[in-house]
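Chemist: Below is one structure. I have some questions about it.
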Amino acid sequence: PGSYECVPCLPGYEAHAGTCYDINECLKPNICPNGRCENLAGTYRCLCNEGFLHSADSKRCSDIDECADVRLCANGRCVNTEGSFKCHCYSGYQRTQEGSHCEDINECERPSSCVRGRCINSMGSYHCECQKGYTLVGGR
């Protein structure tokens, strides 16, 4: 009749009772930090969370340095965080609603900015022009 030869299972498989079965690598704890594991025949891949990028072999997720994009955090300082970033705005600026930029604070919208004077807003600051008969106090 014939001859038989025992060979090892391919990588990503293990033998049980003479048959090779796929190893579910996703059952290993912390196999895909910052992502979700997807089991594939003989292997697996990591589906990365937002703010993370998969490696060339799709086995790891690394933090994206969003601050490398110089367009982020204009009028502020970009600070990379795990999976995201934060804008620390310069004086006279505040974070926008979505948090990716810093916009000018219009100090003239505050009623107390220029008492008995006219408020003139500028980028990151403001100054006052006093009514006739009044003098500027505080240098603005």
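Numbering starts fresh at 1 for the residues of each chain in the structure tokens, the chains themselves are lettered A, B, ... in the order given, and ligands are numbered from 1 as they appear.
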Find the spatial neighbours of segment 37-49 of chain A, counting only C-alpha atoms, within a cut-off of 8 Å - ignore same-chain residues fewer than 2 positions away - and output them as a count of residues only.

Modeler: 23

Chemist: Among chain A, which residues does DSSP mark as strand (DSSP E) when it is run on the backbone? Keep the chain and numbering as in the structure and answer as a PyMOL selection string.

Modeler: chain A and resi 13-16+19-22+35-40+43-48+52-54+61-63+76-81+84-89+93-95+102-104+117-122+125-130

Chemist: Let me see the file: selected residues, C-alpha atoms, as an mmCIF file, in the first residue's frame.

Modeler:
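Final output, result39.cif:
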```
data_model
loop_
_atom_site.group_PDB
_atom_site.id
_atom_site.type_symbol
_atom_site.label_atom_id
_atom_site.label_comp_id
_atom_site.auth_asym_id
_atom_site.auth_seq_id
_atom_site.Cartn_x
_atom_site.Cartn_y
_atom_site.Cartn_z
ATOM 1 C CA TYR A 13 -0.983 25.552 13.475
ATOM 2 C CA GLU A 14 -0.706 22.868 16.149
ATOM 3 C CA ALA A 15 -1.323 19.122 16.059
ATOM 4 C CA HIS A 16 -4.133 17.373 17.937
ATOM 5 C CA THR A 19 -4.435 16.665 12.601
ATOM 6 C CA CYS A 20 -3.145 20.235 12.309
ATOM 7 C CA TYR A 21 -5.467 22.951 13.622
ATOM 8 C CA ASP A 22 -5.174 26.726 13.395
ATOM 9 C CA GLY A 35 -6.000 47.470 18.755
ATOM 10 C CA ARG A 36 -8.282 44.509 18.176
ATOM 11 C CA CYS A 37 -6.978 41.083 17.187
ATOM 12 C CA GLU A 38 -8.351 39.331 14.108
ATOM 13 C CA ASN A 39 -7.533 35.614 13.792
ATOM 14 C CA LEU A 40 -6.551 34.500 10.284
ATOM 15 C CA THR A 43 -1.676 33.859 11.675
ATOM 16 C CA TYR A 44 -3.412 36.999 12.983
ATOM 17 C CA ARG A 45 -3.412 40.736 12.468
ATOM 18 C CA CYS A 46 -4.055 43.766 14.645
ATOM 19 C CA LEU A 47 -6.774 46.218 13.664
ATOM 20 C CA CYS A 48 -5.516 49.388 15.295
ATOM 21 C CA PHE A 52 -2.494 54.185 16.121
ATOM 22 C CA LEU A 53 -0.821 52.745 13.018
ATOM 23 C CA HIS A 54 -0.141 49.058 12.340
ATOM 24 C CA CYS A 61 -0.041 49.086 16.769
ATOM 25 C CA SER A 62 2.167 52.124 17.352
ATOM 26 C CA ASP A 63 1.117 55.587 18.440
ATOM 27 C CA GLY A 76 -0.249 76.946 20.444
ATOM 28 C CA ARG A 77 2.017 74.038 21.319
ATOM 29 C CA CYS A 78 1.106 70.498 20.253
ATOM 30 C CA VAL A 79 1.649 67.743 22.839
ATOM 31 C CA ASN A 80 1.476 64.148 21.610
ATOM 32 C CA THR A 81 -0.459 61.767 23.876
ATOM 33 C CA SER A 84 -4.140 61.390 20.377
ATOM 34 C CA PHE A 85 -2.738 64.884 21.037
ATOM 35 C CA LYS A 86 -3.554 68.081 22.915
ATOM 36 C CA CYS A 87 -3.143 71.723 22.037
ATOM 37 C CA HIS A 88 -1.774 74.004 24.739
ATOM 38 C CA CYS A 89 -2.758 77.434 23.466
ATOM 39 C CA TYR A 93 -5.897 82.024 22.381
ATOM 40 C CA GLN A 94 -8.277 79.182 23.236
ATOM 41 C CA ARG A 95 -8.807 75.691 21.821
ATOM 42 C CA CYS A 102 -6.128 77.508 18.877
ATOM 43 C CA GLU A 103 -8.268 80.493 17.971
ATOM 44 C CA ASP A 104 -8.041 84.102 19.042
ATOM 45 C CA GLY A 117 -13.190 103.268 26.047
ATOM 46 C CA ARG A 118 -13.336 101.416 22.753
ATOM 47 C CA CYS A 119 -11.956 97.887 22.660
ATOM 48 C CA ILE A 120 -9.940 96.855 19.601
ATOM 49 C CA ASN A 121 -9.291 93.123 19.268
ATOM 50 C CA SER A 122 -6.062 91.864 17.697
ATOM 51 C CA SER A 125 -4.452 90.374 22.394
ATOM 52 C CA TYR A 126 -6.455 93.613 22.428
ATOM 53 C CA HIS A 127 -6.033 97.281 23.269
ATOM 54 C CA CYS A 128 -8.260 100.124 24.399
ATOM 55 C CA GLU A 129 -8.762 103.583 23.002
ATOM 56 C CA CYS A 130 -10.056 105.867 25.750
#
```

Chemist: Compare A:Ala56, A:Thr96, A:Glu50, A:His101 by their minimum atom-to-atom distance to Cys73 of chain A, counting only C-alpha atoms, and give me the closest one.

Modeler: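 Under the stated criterion, the closest residue is A:His101.
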
Chemist: List every residue of chain A that DSSP, applied to the backbone, labels as helix (DSSP H, G or I), and write the result as a list in words.

Modeler: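 Filtering chain A to helix (DSSP H, G or I) leaves Glu25, Cys26, Leu27, Glu66, Cys67, Ala68, Glu107, Cys108 and Glu109 of chain A.
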
Chemist: Would you mind telling me which residue in A:Cys6, A:Met123, A:Ile105, A:Leu72 lies nearest to Gly18 of chain A when using only C-alpha atoms?

Modeler: A:Cys6

Chemist: One number please: atom CA of Asp69 of chain A to atom CA of Gly99 of chain A, in Å, one decimal.

Modeler: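 The value is 14.4 Å.
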
Chemist: Report, in Å to a single decimal, how far apart atom CA of Cys108 of chain A and atom CA of Gly92 of chain A are.

Modeler: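 Computed distance, atom CA of Gly92 of chain A to atom CA of Cys108 of chain A, equals 11.8 Å.
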
Chemist: What is the atom CA of Ser100 of chain A-atom CA of Ser112 of chain A distance in Å, reported with one decimal?

Modeler: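 One can read the atom CA of Ser100 of chain A to atom CA of Ser112 of chain A distance as 29.3 Å.
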